[in-house]
Structures are given as C-alpha cells and as structure tokens.
$ cat model_31.txt   # compact mmCIF, C-alpha atoms
# COMPACT_ATOMS: atom_id res chain seq x y z
CA MET A 1 18.52 -9.28 -19.24
CA LYS A 2 18.77 -7.86 -15.73
CA ASN A 3 15.05 -7.11 -15.86
CA LEU A 4 14.27 -10.68 -16.86
CA ILE A 5 16.19 -12.01 -13.86
CA LEU A 6 14.32 -9.65 -11.55
CA ILE A 7 10.97 -10.73 -12.98
CA ALA A 8 12.01 -14.37 -12.57
CA ILE A 9 12.72 -13.73 -8.87
CA VAL A 10 9.27 -12.20 -8.39
CA ILE A 11 7.61 -15.17 -10.06
CA GLY A 12 9.75 -17.58 -8.07
CA LEU A 13 8.76 -15.95 -4.79
CA ALA A 14 5.10 -16.57 -5.63
CA VAL A 15 5.47 -20.07 -7.05
CA LEU A 16 7.85 -21.55 -4.45
CA PRO A 17 5.34 -21.47 -1.55
CA LEU A 18 2.80 -23.21 -3.79
CA VAL A 19 5.22 -26.01 -4.55
CA MET A 20 6.77 -26.34 -1.10
CA LEU A 21 3.57 -26.15 0.96
CA SER A 22 1.51 -28.48 -1.14
CA ASP A 23 -1.20 -29.07 1.46
CA ALA A 24 -1.69 -25.46 2.56
CA GLU A 25 -4.96 -23.78 1.63
CA PHE A 26 -3.67 -20.35 0.59
CA THR A 27 -6.65 -18.45 1.88
CA GLY A 28 -6.45 -14.69 2.41
CA ALA A 29 -4.53 -13.33 5.38
CA ASP A 30 -7.50 -11.08 6.19
CA GLY A 31 -9.75 -14.11 6.52
CA GLU A 32 -7.29 -15.66 8.94
CA ALA A 33 -7.27 -12.49 10.99
CA GLU A 34 -11.05 -12.77 11.15
CA GLU A 35 -10.67 -16.22 12.71
CA ALA A 36 -8.03 -14.99 15.14
CA ILE A 37 -10.36 -12.21 16.30
CA THR A 38 -13.19 -14.62 17.00
CA GLU A 39 -10.72 -16.82 18.91
CA ILE A 40 -9.55 -13.94 21.09
CA ASN A 41 -13.00 -12.53 21.64
CA VAL A 42 -15.62 -15.21 21.22
CA ASP A 43 -18.49 -12.77 21.61
CA TYR A 44 -17.36 -10.35 18.94
CA SER A 45 -19.59 -10.12 15.95
CA PRO A 46 -19.01 -7.66 13.12
CA TRP A 47 -21.30 -4.66 13.60
CA PHE A 48 -21.41 -3.75 9.96
CA SER A 49 -21.40 -5.81 6.81
CA PRO A 50 -20.29 -4.91 3.31
CA LEU A 51 -22.89 -2.99 1.28
CA ILE A 52 -22.31 -4.99 -1.86
CA GLU A 53 -20.67 -8.35 -1.80
CA PRO A 54 -19.58 -10.05 -5.03
CA LYS A 55 -22.06 -12.83 -5.71
CA SER A 56 -19.37 -15.48 -6.08
CA GLY A 57 -15.65 -16.09 -6.22
CA GLU A 58 -15.91 -15.81 -10.00
CA VAL A 59 -17.49 -12.38 -9.90
CA GLU A 60 -14.92 -11.30 -7.36
CA SER A 61 -12.02 -12.43 -9.51
CA LEU A 62 -13.60 -10.62 -12.45
CA LEU A 63 -13.52 -7.38 -10.49
CA PHE A 64 -9.95 -7.95 -9.35
CA ALA A 65 -8.92 -8.72 -12.93
CA LEU A 66 -10.61 -5.52 -14.10
CA GLN A 67 -8.78 -3.55 -11.43
CA ALA A 68 -5.43 -4.95 -12.53
CA ALA A 69 -6.22 -4.60 -16.24
CA ALA A 70 -7.33 -0.98 -15.95
CA GLY A 71 -4.23 -0.17 -13.90
CA SER A 72 -1.75 -1.77 -16.25
CA GLY A 73 -3.52 -0.16 -19.20
CA ILE A 74 -2.84 3.27 -17.74
CA ILE A 75 0.76 2.43 -16.79
CA PHE A 76 1.71 1.18 -20.23
CA TYR A 77 -0.19 3.91 -22.04
CA GLY A 78 1.95 6.40 -20.10
CA LEU A 79 5.14 4.45 -20.62
CA GLY A 80 4.46 4.10 -24.34
CA TYR A 81 3.81 7.83 -24.57
CA MET A 82 7.10 8.57 -22.83
CA ILE A 83 9.04 6.15 -25.04
CA GLY A 84 7.52 7.68 -28.18
CA ARG A 85 8.36 11.15 -26.94
CA SER A 86 12.01 10.33 -26.29
CA LYS A 87 12.32 8.64 -29.71
CA LYS A 88 10.98 11.81 -31.30
CA GLU A 89 13.48 13.91 -29.38
CA GLU A 90 16.32 11.70 -30.57
CA THR A 91 15.42 12.10 -34.23
CA ALA A 92 14.64 15.81 -33.89
CA MET B 93 -5.35 26.46 5.58
CA PRO B 94 -1.61 26.56 4.89
CA ALA B 95 0.00 23.15 4.50
CA LYS B 96 2.28 23.72 7.43
CA LYS B 97 -0.61 24.33 9.76
CA VAL B 98 -2.40 21.20 8.63
CA TRP B 99 0.77 19.23 9.24
CA ILE B 100 1.11 20.52 12.76
CA ILE B 101 -2.51 19.81 13.57
CA GLY B 102 -2.11 16.34 12.11
CA LEU B 103 0.95 15.62 14.21
CA LEU B 104 -0.73 16.90 17.34
CA LEU B 105 -3.72 14.67 16.70
CA VAL B 106 -1.43 11.71 16.25
CA ILE B 107 0.34 12.41 19.51
CA ALA B 108 -2.89 13.06 21.37
CA LEU B 109 -4.69 9.98 20.13
CA LEU B 110 -1.93 7.41 19.81
CA PRO B 111 -1.58 6.22 23.40
CA GLN B 112 -5.15 5.02 23.55
CA SER B 113 -5.75 4.04 19.96
CA ALA B 114 -3.97 2.34 17.09
CA TYR B 115 -5.18 0.21 14.12
CA ALA B 116 -4.15 -0.56 10.47
CA MET B 117 -4.40 -2.09 6.97
CA HIS B 118 -7.15 -4.01 5.21
CA ILE B 119 -9.12 -4.82 8.26
CA MET B 120 -12.37 -6.48 7.33
CA GLU B 121 -15.69 -4.61 7.33
CA GLY B 122 -17.22 -4.40 10.80
CA PHE B 123 -14.19 -5.94 12.47
CA LEU B 124 -13.15 -2.83 14.32
CA PRO B 125 -15.29 -1.70 17.23
CA PRO B 126 -16.96 1.65 16.40
CA LEU B 127 -14.74 3.73 18.69
CA TRP B 128 -11.60 2.44 17.04
CA SER B 129 -13.09 3.00 13.61
CA ILE B 130 -13.74 6.62 14.42
CA ALA B 131 -10.38 7.20 16.09
CA TRP B 132 -8.43 5.92 13.08
CA GLY B 133 -10.60 7.89 10.72
CA VAL B 134 -9.88 11.08 12.65
CA LEU B 135 -6.17 10.29 12.61
CA ALA B 136 -6.15 9.75 8.86
CA ILE B 137 -8.12 12.87 7.88
CA PRO B 138 -5.31 15.46 8.27
CA PHE B 139 -3.03 13.38 6.06
CA VAL B 140 -5.70 13.09 3.41
CA LEU B 141 -6.13 16.88 3.45
CA VAL B 142 -2.42 17.60 3.25
CA GLY B 143 -2.14 15.04 0.47
CA TYR B 144 -5.01 16.57 -1.46
CA PHE B 145 -3.41 20.01 -1.38
CA SER B 146 0.01 18.64 -2.22
CA ILE B 147 -1.39 16.89 -5.31
CA GLN B 148 -3.20 20.08 -6.30
CA LYS B 149 0.02 22.04 -6.01
CA THR B 150 2.00 19.48 -8.02
CA ILE B 151 -0.52 19.61 -10.86
CA ARG B 152 -0.74 23.39 -10.79
CA ASP B 153 3.03 23.81 -10.92
CA HIS B 154 3.65 21.10 -13.49
CA PRO B 155 0.50 20.14 -15.44
CA ARG B 156 2.35 17.51 -17.43
CA LEU B 157 2.91 15.50 -14.26
CA LYS B 158 -0.74 14.49 -14.37
CA MET B 159 0.11 11.45 -16.43
CA LEU B 160 2.84 10.27 -14.08
CA LEU B 161 0.45 10.80 -11.18
CA ALA B 162 -2.12 8.64 -12.92
CA MET B 163 0.56 6.01 -13.52
CA ALA B 164 1.54 6.00 -9.84
CA CYS B 165 -2.11 5.52 -8.86
CA ALA B 166 -2.51 2.81 -11.49
CA PHE B 167 0.55 1.03 -10.11
CA ALA B 168 -1.10 0.89 -6.70
CA PHE B 169 -4.30 -0.42 -8.31
CA VAL B 170 -2.47 -3.20 -10.12
CA LEU B 171 -0.33 -4.33 -7.21
CA SER B 172 -3.15 -4.29 -4.69
CA ALA B 173 -5.23 -6.48 -7.00
CA LEU B 174 -2.58 -9.18 -7.03
CA LYS B 175 -3.17 -11.68 -4.25
CA ILE B 176 0.05 -13.62 -4.08
CA PRO B 177 0.68 -16.89 -2.23
CA SER B 178 3.26 -16.71 0.52
CA VAL B 179 5.42 -18.88 2.78
CA THR B 180 2.78 -19.04 5.52
CA GLY B 181 0.41 -20.92 3.24
CA SER B 182 -1.92 -17.96 2.92
CA CYS B 183 -2.24 -15.13 0.44
CA SER B 184 -1.84 -11.40 0.72
CA HIS B 185 -1.22 -8.53 -1.65
CA PRO B 186 1.32 -5.70 -2.05
CA THR B 187 0.28 -2.07 -1.66
CA GLY B 188 2.09 -0.51 -4.62
CA LEU B 189 2.37 2.83 -2.85
CA GLY B 190 6.16 3.00 -2.45
CA PHE B 191 6.57 4.03 -6.10
CA GLY B 192 4.30 7.06 -5.84
CA THR B 193 5.75 7.97 -2.46
CA ILE B 194 9.20 8.36 -3.98
CA LEU B 195 7.83 10.54 -6.78
CA PHE B 196 5.12 12.60 -5.10
CA GLY B 197 5.77 12.33 -1.37
CA PRO B 198 4.01 10.39 1.36
CA THR B 199 0.82 12.41 1.83
CA ALA B 200 -0.08 12.34 -1.86
CA MET B 201 -0.15 8.58 -1.42
CA THR B 202 -2.61 8.88 1.46
CA VAL B 203 -5.11 10.14 -1.09
CA MET B 204 -4.26 7.33 -3.52
CA ALA B 205 -4.58 4.72 -0.78
CA LEU B 206 -7.99 6.13 0.08
CA ILE B 207 -9.09 5.81 -3.56
CA VAL B 208 -7.88 2.21 -3.84
CA LEU B 209 -9.41 1.27 -0.49
CA LEU B 210 -12.75 2.89 -1.35
CA PHE B 211 -12.89 0.98 -4.61
CA GLN B 212 -12.12 -2.32 -2.91
CA ALA B 213 -14.45 -1.69 0.00
CA MET B 214 -17.43 -0.63 -2.12
CA LEU B 215 -17.19 -3.14 -4.94
CA LEU B 216 -15.13 -6.04 -3.70
CA ALA B 217 -16.13 -6.35 -0.04
CA HIS B 218 -12.40 -6.24 0.63
CA GLY B 219 -11.51 -4.09 3.59
CA GLY B 220 -14.54 -1.99 4.49
CA LEU B 221 -16.19 1.38 4.96
CA THR B 222 -16.19 1.19 8.76
CA THR B 223 -12.52 0.22 8.73
CA LEU B 224 -11.62 2.72 6.00
CA GLY B 225 -9.97 5.11 8.43
CA ALA B 226 -7.83 2.42 10.01
CA ASN B 227 -6.88 0.95 6.65
CA THR B 228 -6.11 4.35 5.19
CA PHE B 229 -3.87 5.03 8.16
CA SER B 230 -1.86 1.83 7.83
CA MET B 231 -1.62 1.75 4.05
CA GLY B 232 -1.76 5.46 3.26
CA VAL B 233 -0.02 7.07 6.20
CA ALA B 234 2.28 4.67 8.07
CA GLY B 235 3.49 2.79 4.98
CA PRO B 236 4.30 5.82 2.80
CA LEU B 237 5.88 7.76 5.70
CA VAL B 238 8.27 4.90 6.38
CA ALA B 239 8.87 4.38 2.66
CA PHE B 240 9.73 8.06 2.29
CA ALA B 241 12.08 7.94 5.28
CA ALA B 242 13.77 4.79 3.99
CA TYR B 243 14.32 6.39 0.58
CA LYS B 244 15.81 9.52 2.10
CA VAL B 245 18.08 7.59 4.47
CA VAL B 246 19.55 5.43 1.71
CA LYS B 247 20.03 8.47 -0.54
CA LYS B 248 21.70 10.41 2.28
CA ALA B 249 24.08 7.53 2.85
CA ASN B 250 24.92 7.68 -0.87
CA GLY B 251 23.41 4.27 -1.46
CA PRO B 252 22.62 3.32 -5.07
CA GLN B 253 19.36 4.58 -6.56
CA TRP B 254 17.92 1.08 -7.05
CA PHE B 255 18.58 0.20 -3.43
CA ALA B 256 16.83 3.34 -2.18
CA VAL B 257 13.80 2.50 -4.34
CA PHE B 258 13.82 -1.13 -3.26
CA MET B 259 14.03 -0.35 0.45
CA ALA B 260 11.31 2.30 0.23
CA ALA B 261 8.86 -0.04 -1.47
CA ALA B 262 9.69 -3.12 0.61
CA LEU B 263 9.66 -1.39 3.99
CA GLY B 264 6.53 0.61 3.15
CA ASN B 265 4.80 -2.65 2.32
CA LEU B 266 5.94 -4.38 5.50
CA ILE B 267 5.11 -1.47 7.80
CA THR B 268 1.60 -1.30 6.42
CA TYR B 269 0.84 -4.79 7.65
CA ILE B 270 2.74 -4.36 10.91
CA THR B 271 0.54 -1.33 11.56
CA THR B 272 -2.51 -3.46 10.81
CA SER B 273 -1.35 -5.99 13.37
CA PHE B 274 -0.95 -3.25 15.97
CA GLN B 275 -4.39 -1.88 15.20
CA LEU B 276 -6.00 -5.28 15.61
CA ALA B 277 -4.04 -6.12 18.77
CA LEU B 278 -5.06 -2.82 20.35
CA ALA B 279 -8.71 -3.45 19.64
CA PHE B 280 -8.58 -7.12 20.57
CA PRO B 281 -6.15 -7.72 23.44
CA ALA B 282 -6.13 -11.40 24.41
CA GLU B 283 -7.72 -12.40 27.71
CA THR B 284 -4.47 -14.02 28.78
CA GLY B 285 -1.36 -12.20 27.67
CA GLY B 286 -3.23 -9.06 26.66
CA PHE B 287 -2.00 -6.77 23.95
CA MET B 288 1.35 -8.51 23.39
CA ALA B 289 -0.18 -11.96 22.93
CA SER B 290 -2.62 -10.59 20.37
CA LEU B 291 0.10 -8.61 18.65
CA THR B 292 2.24 -11.72 18.23
CA LYS B 293 -0.73 -13.55 16.82
CA PHE B 294 -1.64 -10.88 14.28
CA LEU B 295 1.98 -10.27 13.33
CA GLY B 296 2.23 -14.00 12.63
CA ILE B 297 -0.73 -13.76 10.28
CA PHE B 298 0.03 -10.50 8.51
CA ALA B 299 3.71 -9.63 8.81
CA VAL B 300 5.26 -13.04 8.16
CA THR B 301 3.04 -13.57 5.14
CA GLN B 302 4.11 -10.18 3.93
CA ILE B 303 7.91 -10.61 3.96
CA PRO B 304 8.27 -12.32 0.55
CA LEU B 305 5.63 -9.96 -0.85
CA ALA B 306 7.64 -7.01 0.39
CA VAL B 307 10.64 -8.30 -1.56
CA SER B 308 8.45 -8.75 -4.65
CA GLU B 309 7.03 -5.26 -4.35
CA GLY B 310 10.55 -3.87 -3.93
CA ILE B 311 11.69 -5.56 -7.15
CA LEU B 312 8.62 -4.54 -9.16
CA THR B 313 9.01 -0.96 -7.98
CA VAL B 314 12.67 -0.94 -9.04
CA LEU B 315 11.59 -2.17 -12.48
CA ILE B 316 9.02 0.56 -13.06
CA PHE B 317 11.23 3.22 -11.53
CA ASN B 318 14.08 2.30 -13.88
CA ALA B 319 11.76 2.55 -16.86
CA ILE B 320 10.58 6.00 -15.77
CA ALA B 321 14.17 7.06 -15.11
CA VAL B 322 15.04 6.32 -18.74
CA TYR B 323 11.96 7.59 -20.56
CA GLY B 324 10.50 10.05 -18.10
CA ARG B 325 13.51 12.23 -17.39
CA GLU B 326 11.43 15.35 -18.04
CA GLU B 327 8.95 14.41 -15.35
CA LEU B 328 11.66 13.45 -12.88
CA LYS B 329 13.30 16.83 -13.43
CA ASP B 330 10.00 18.52 -12.62
CA LEU B 331 9.88 16.50 -9.43
CA LYS B 332 13.49 17.40 -8.64
CA ILE B 333 14.55 13.79 -8.37
CA ILE B 334 17.86 15.01 -9.70
CA SER B 335 19.93 12.13 -8.47
CA MET B 336 19.00 10.67 -11.85
CA GLU B 337 21.99 12.24 -13.54
CA GLY B 338 24.20 9.19 -12.94
$ encode --input "model_31.txt" --output "structure tokens"
Amino acid sequence: MKNLILIAIVIGLAVLPLVMLSDAEFTGADGEAEEAITEINVDYSPWFSPLIEPKSGEVESLLFALQAAAGSGIIFYGLGYMIGRSKKEETA
Amino acid sequence: MPAKKVWIIGLLLVIALLPQSAYAMHIMEGFLPPLWSIAWGVLAIPFVLVGYFSIQKTIRDHPRLKMLLAMACAFAFVLSALKIPSVTGSCSHPTGLGFGTILFGPTAMTVMALIVLLFQAMLLAHGGLTTLGANTFSMGVAGPLVAFAAYKVVKKANGPQWFAVFMAAALGNLITYITTSFQLALAFPAETGGFMASLTKFLGIFAVTQIPLAVSEGILTVLIFNAIAVYGREELKDLKIISMEG
C-alpha cells in the first residue's frame, strides 16, 4: 500500500507538468543549454560531433527503451532470485 | 598503487585544478572547449581508478555481491534512460547512482557513471566523448560524493533509514546538475555579468528542471532499497549496512 502511494507520487510528479504547462514544448534540458551557450558566445561552434547519431527520433527512442528494458531485466532477475532464496530459507 | 595513495593524489589534483577549471553533467558533444574537456578528464581519472580497485576488492572479498553490483548498475541504466517532463516545461533524467553509492561507496559509482555515459555517448549521441570527463565528474564524482555524505549525515543524526536513502539519492541527483551548471558557466562566462550571469542561466535550465526529478529519484531509490533490505539481507550484511536490524 505504502509502495503504491510512493509510485503514485512519482507518476504525479511527471504528469502534473504536462497538464499544467499545456503549451510548453518539453524539449531536453541539454538542448536548451546548447541554445544558452550560443546566446552567450555567438561564435562558439562545437569542435567535435557525435560519432554515431541515431538516424531519427524513433531509432533514438528504441535505444533508450532497450537501455531501460535491459536494466530492469537485470534488476528484477536479481530481485526474483533473492525472493526465491529467502522463501527457500523459510521452508528449510 | 595503494588506494590511500590514489585518494591523496586525486584530492591534490582536485585542489590544484579547481580554481581555474570546473565543468559537469551531460554536456553535449563538442560543447566544452578542448582545454576544459581535458581538465575535467584529468580530474575524473583518479576517481575512476579508485573506484575500479574498490569494486575489485568488493568482488574478491564477497563474490556473491556481483549480482547486487549488477543490479546497482542496472538501476542507473534504467533511471538515466527515463527522460521525465518537469515544471520548467523541459525534460531531464535522473542519474540512478544514489542507490549504488549507499551500497558500494561513491567511487564505485564513478566507474558505473562512466559505463552509462560511454554507452549514451557512443550509441545515443547523448552527452559525448569530448565531454566524457566533465560528465563523469559531475555525475560520477560530485553526485555520489554528496550522496554518500548526505547518507552518512542522516545516519549519524539517527534519522530513519528511508530518509537517509531518500536524501542521498535526491541530493546526489541535484548536485550532479548543479555541477554541470558550474562547468558550463566556467567555460562560458557571459560578456556582461561574467561567470555569475552564466551560472544563473545554466542553473535555471538544469537545476530547476531537476528538483522534481530529484524527489522522484529519491522515492524510487527508497522503493528499491526497501526491497533489497527485505530480500537481500545476506548481501547487506556483507556490505556491513548493519543498520538494517531495525
């Protein structure tokens, strides 16, 4: 129950800005920093560019999804292992 | 090289280099002038080394901790893949390193941060290779060090376990982006107003966006820590997080 409330707070924190700031663009903060840098120093141009850039937003979100999926796979594999182990200890 | 020696060299480097140089987290590829890139890289290296040896020692002493170590790294991978909308109308993502910091100490997380950042820089064009040193410093050094300190302070003051975990994760998250703002302001002082004007600007972009995310990361870290505290008592005993008895 307590966990559910905590998860609800996390979701709320992400959803509220979307609802309240309906006309904001929700771009990445790093992109905004890029703009700020070019404002401060008009002549600055990046001296190095990424070796591989995802071909599109779709490909990029695929990679991010893979990153999250692989990570949660490992977390819950470990957690499941631990839960199984403590169940076994209880019955032993 | 003994760990103590590496530590001392690291600290000396920090002290020697800090006055003239400072940068931090998820700065875009090519957006740090070369000198700054190198300076931050040099600053981060000793922490990576100490972290590498500390992880090696942990695994050698307690081989079964490998799984928990993998879980801590995976937690950082998951959280740093989640770009979450925030009150400023832009998006940013948590770091996920507070959890591992509590379990394995701050320098072990420097190595993890480096792994996550390399992955994102090489494949996702997020962050970058030239800014790897600066980003590793903000996310892998400054963040975890503050997270570790926050955890210890709350524990010393006999604060509840959940609060110590929450503060560690939330502050570690926030400090990472504050460090980034400092790094950018140092490299790009404004023509009028100089360093402070730039700092205010970057803090407005990074730090304010990050506040709700810091709270989220704190809560998520409490959730996973509680789960480990119930089912992973063996591992926590190995790590001497003995406050778990309660």
$ residues_around --input "model_31.txt" --residues "Leu237 of chain B" --least-positions-apart "3" --cutoff "8 Å" --atoms "all atoms listed in the file" --output "list in words"
Pro198, Thr199, Val233, Ala234, Phe240, Ala241 and Gly264 of chain B
$ write_last_selection --input "model_31.txt" --atoms "C-alpha atoms" --output "CSV table (one decimal), in the frame of the given file"
chain,number,residue,atom,x,y,z
B,198,PRO,CA,4.0,10.4,1.4
B,199,THR,CA,0.8,12.4,1.8
B,233,VAL,CA,0.0,7.1,6.2
B,234,ALA,CA,2.3,4.7,8.1
B,240,PHE,CA,9.7,8.1,2.3
B,241,ALA,CA,12.1,7.9,5.3
B,264,GLY,CA,6.5,0.6,3.2
$ closest_atom_pairs --input "model_31.txt" --of "chain A" --to "chain B" --cutoff "7 Å" --atoms "all atoms listed in the file" --output "tab-separated table"
residue	atom	partner	partner_atom	distance
A:Asn3	CA	B:Leu315	CA	6.9
A:Leu6	CA	B:Ile311	CA	6.6
A:Val10	CA	B:Ser308	CA	5.2
A:Leu13	CA	B:Pro304	CA	6.5
A:Ala14	CA	B:Pro177	CA	5.6
A:Pro17	CA	B:Val179	CA	5.0
A:Leu18	CA	B:Pro177	CA	6.8
A:Leu21	CA	B:Gly181	CA	6.5
A:Ala24	CA	B:Gly181	CA	5.0
A:Glu25	CA	B:Gly181	CA	6.3
A:Phe26	CA	B:Ser182	CA	3.8
A:Thr27	CA	B:Ser182	CA	4.9
A:Gly28	CA	B:Cys183	CA	4.7
A:Ala29	CA	B:Ser184	CA	5.7
A:Asp30	CA	B:Ile119	CA	6.8
A:Glu32	CA	B:Ile297	CA	7.0
A:Ala33	CA	B:Ile297	CA	6.7
A:Ile37	CA	B:Phe280	CA	6.9
A:Ile40	CA	B:Ala282	CA	5.4
A:Pro46	CA	B:Gly122	CA	4.4
A:Trp47	CA	B:Gly122	CA	5.0
A:Phe48	CA	B:Gly122	CA	4.3
A:Ser49	CA	B:Glu121	CA	5.9
A:Pro50	CA	B:Ala217	CA	5.5
A:Leu51	CA	B:Met214	CA	6.9
A:Ile52	CA	B:Leu215	CA	6.3
A:Glu53	CA	B:Ala217	CA	5.3
A:Pro54	CA	B:Leu216	CA	6.1
A:Glu60	CA	B:Leu216	CA	6.4
A:Phe64	CA	B:Ala173	CA	5.5
A:Gln67	CA	B:Phe169	CA	6.3
A:Ala68	CA	B:Val170	CA	4.2
A:Gly71	CA	B:Ala166	CA	4.2
A:Ser72	CA	B:Val170	CA	6.3
A:Ile74	CA	B:Met163	CA	6.1
A:Ile75	CA	B:Met163	CA	4.9
A:Gly78	CA	B:Met159	CA	6.5
A:Met82	CA	B:Tyr323	CA	5.5
A:Ile83	CA	B:Tyr323	CA	5.5
A:Ser86	CA	B:Tyr323	CA	6.4
$ atom_distance --input "model_31.txt" --atom1 "atom CA of Ala261 of chain B" --atom2 "atom CA of Phe191 of chain B"
6.6 Å
$ atom_distance --input "model_31.txt" --atom1 "atom CA of Ala131 of chain B" --atom2 "atom CA of Gln275 of chain B"
10.9 Å
$ atom_distance --input "model_31.txt" --atom1 "atom CA of Gly143 of chain B" --atom2 "atom CA of Leu79 of chain A"
24.7 Å
$ axis_aligned_box --input "model_31.txt" --around "segment 52-56 of chain A" --padding-each-side "5 Å" --output "JSON"
{"center_x": -20.8, "center_y": -10.2, "center_z": -3.9, "size_x": 12.9, "size_y": 20.5, "size_z": 14.3}
$ build_atoms --input "model_31.txt" --residues "segment 55-75 of chain A" --atoms "N, CA and C atoms" --output "PDB file, keeping the file's coordinate frame"
ATOM      1  N   LYS A  55     -21.162 -11.677  -5.852  1.00  0.00           N
ATOM      2  CA  LYS A  55     -22.060 -12.830  -5.710  1.00  0.00           C
ATOM      3  C   LYS A  55     -21.303 -14.151  -5.576  1.00  0.00           C
ATOM      4  N   SER A  56     -20.124 -14.233  -6.173  1.00  0.00           N
ATOM      5  CA  SER A  56     -19.370 -15.480  -6.080  1.00  0.00           C
ATOM      6  C   SER A  56     -17.895 -15.196  -6.258  1.00  0.00           C
ATOM      7  N   GLY A  57     -17.091 -16.232  -6.032  1.00  0.00           N
ATOM      8  CA  GLY A  57     -15.650 -16.090  -6.220  1.00  0.00           C
ATOM      9  C   GLY A  57     -15.329 -15.684  -7.650  1.00  0.00           C
ATOM     10  N   GLU A  58     -16.154 -16.158  -8.603  1.00  0.00           N
ATOM     11  CA  GLU A  58     -15.910 -15.810 -10.000  1.00  0.00           C
ATOM     12  C   GLU A  58     -16.100 -14.321 -10.245  1.00  0.00           C
ATOM     13  N   VAL A  59     -17.218 -13.799  -9.708  1.00  0.00           N
ATOM     14  CA  VAL A  59     -17.490 -12.380  -9.900  1.00  0.00           C
ATOM     15  C   VAL A  59     -16.396 -11.548  -9.235  1.00  0.00           C
ATOM     16  N   GLU A  60     -15.961 -12.030  -8.059  1.00  0.00           N
ATOM     17  CA  GLU A  60     -14.920 -11.300  -7.360  1.00  0.00           C
ATOM     18  C   GLU A  60     -13.629 -11.272  -8.170  1.00  0.00           C
ATOM     19  N   SER A  61     -13.269 -12.421  -8.750  1.00  0.00           N
ATOM     20  CA  SER A  61     -12.020 -12.430  -9.510  1.00  0.00           C
ATOM     21  C   SER A  61     -12.153 -11.602 -10.778  1.00  0.00           C
ATOM     22  N   LEU A  62     -13.385 -11.518 -11.306  1.00  0.00           N
ATOM     23  CA  LEU A  62     -13.600 -10.620 -12.450  1.00  0.00           C
ATOM     24  C   LEU A  62     -13.252  -9.197 -12.077  1.00  0.00           C
ATOM     25  N   LEU A  63     -13.762  -8.762 -10.903  1.00  0.00           N
ATOM     26  CA  LEU A  63     -13.520  -7.380 -10.490  1.00  0.00           C
ATOM     27  C   LEU A  63     -12.041  -7.125 -10.217  1.00  0.00           C
ATOM     28  N   PHE A  64     -11.376  -8.117  -9.600  1.00  0.00           N
ATOM     29  CA  PHE A  64      -9.950  -7.950  -9.350  1.00  0.00           C
ATOM     30  C   PHE A  64      -9.179  -7.889 -10.666  1.00  0.00           C
ATOM     31  N   ALA A  65      -9.592  -8.731 -11.636  1.00  0.00           N
ATOM     32  CA  ALA A  65      -8.920  -8.720 -12.930  1.00  0.00           C
ATOM     33  C   ALA A  65      -9.121  -7.377 -13.613  1.00  0.00           C
ATOM     34  N   LEU A  66     -10.340  -6.830 -13.507  1.00  0.00           N
ATOM     35  CA  LEU A  66     -10.610  -5.520 -14.100  1.00  0.00           C
ATOM     36  C   LEU A  66      -9.727  -4.452 -13.474  1.00  0.00           C
ATOM     37  N   GLN A  67      -9.603  -4.529 -12.150  1.00  0.00           N
ATOM     38  CA  GLN A  67      -8.780  -3.550 -11.430  1.00  0.00           C
ATOM     39  C   GLN A  67      -7.335  -3.594 -11.945  1.00  0.00           C
ATOM     40  N   ALA A  68      -6.807  -4.809 -12.069  1.00  0.00           N
ATOM     41  CA  ALA A  68      -5.430  -4.950 -12.530  1.00  0.00           C
ATOM     42  C   ALA A  68      -5.302  -4.546 -13.999  1.00  0.00           C
ATOM     43  N   ALA A  69      -6.296  -4.910 -14.812  1.00  0.00           N
ATOM     44  CA  ALA A  69      -6.220  -4.600 -16.240  1.00  0.00           C
ATOM     45  C   ALA A  69      -6.279  -3.090 -16.469  1.00  0.00           C
ATOM     46  N   ALA A  70      -7.202  -2.419 -15.787  1.00  0.00           N
ATOM     47  CA  ALA A  70      -7.330  -0.980 -15.950  1.00  0.00           C
ATOM     48  C   ALA A  70      -6.027  -0.305 -15.523  1.00  0.00           C
ATOM     49  N   GLY A  71      -5.474  -0.754 -14.401  1.00  0.00           N
ATOM     50  CA  GLY A  71      -4.230  -0.170 -13.900  1.00  0.00           C
ATOM     51  C   GLY A  71      -3.087  -0.358 -14.873  1.00  0.00           C
ATOM     52  N   SER A  72      -2.898  -1.583 -15.363  1.00  0.00           N
ATOM     53  CA  SER A  72      -1.750  -1.770 -16.250  1.00  0.00           C
ATOM     54  C   SER A  72      -1.979  -1.066 -17.578  1.00  0.00           C
ATOM     55  N   GLY A  73      -3.233  -0.944 -17.995  1.00  0.00           N
ATOM     56  CA  GLY A  73      -3.520  -0.160 -19.200  1.00  0.00           C
ATOM     57  C   GLY A  73      -2.980   1.251 -19.068  1.00  0.00           C
ATOM     58  N   ILE A  74      -3.284   1.885 -17.944  1.00  0.00           N
ATOM     59  CA  ILE A  74      -2.840   3.270 -17.740  1.00  0.00           C
ATOM     60  C   ILE A  74      -1.314   3.348 -17.666  1.00  0.00           C
ATOM     61  N   ILE A  75      -0.700   2.406 -16.928  1.00  0.00           N
ATOM     62  CA  ILE A  75       0.760   2.430 -16.790  1.00  0.00           C
ATOM     63  C   ILE A  75       1.437   2.340 -18.150  1.00  0.00           C
TER      64      ILE A  75
END
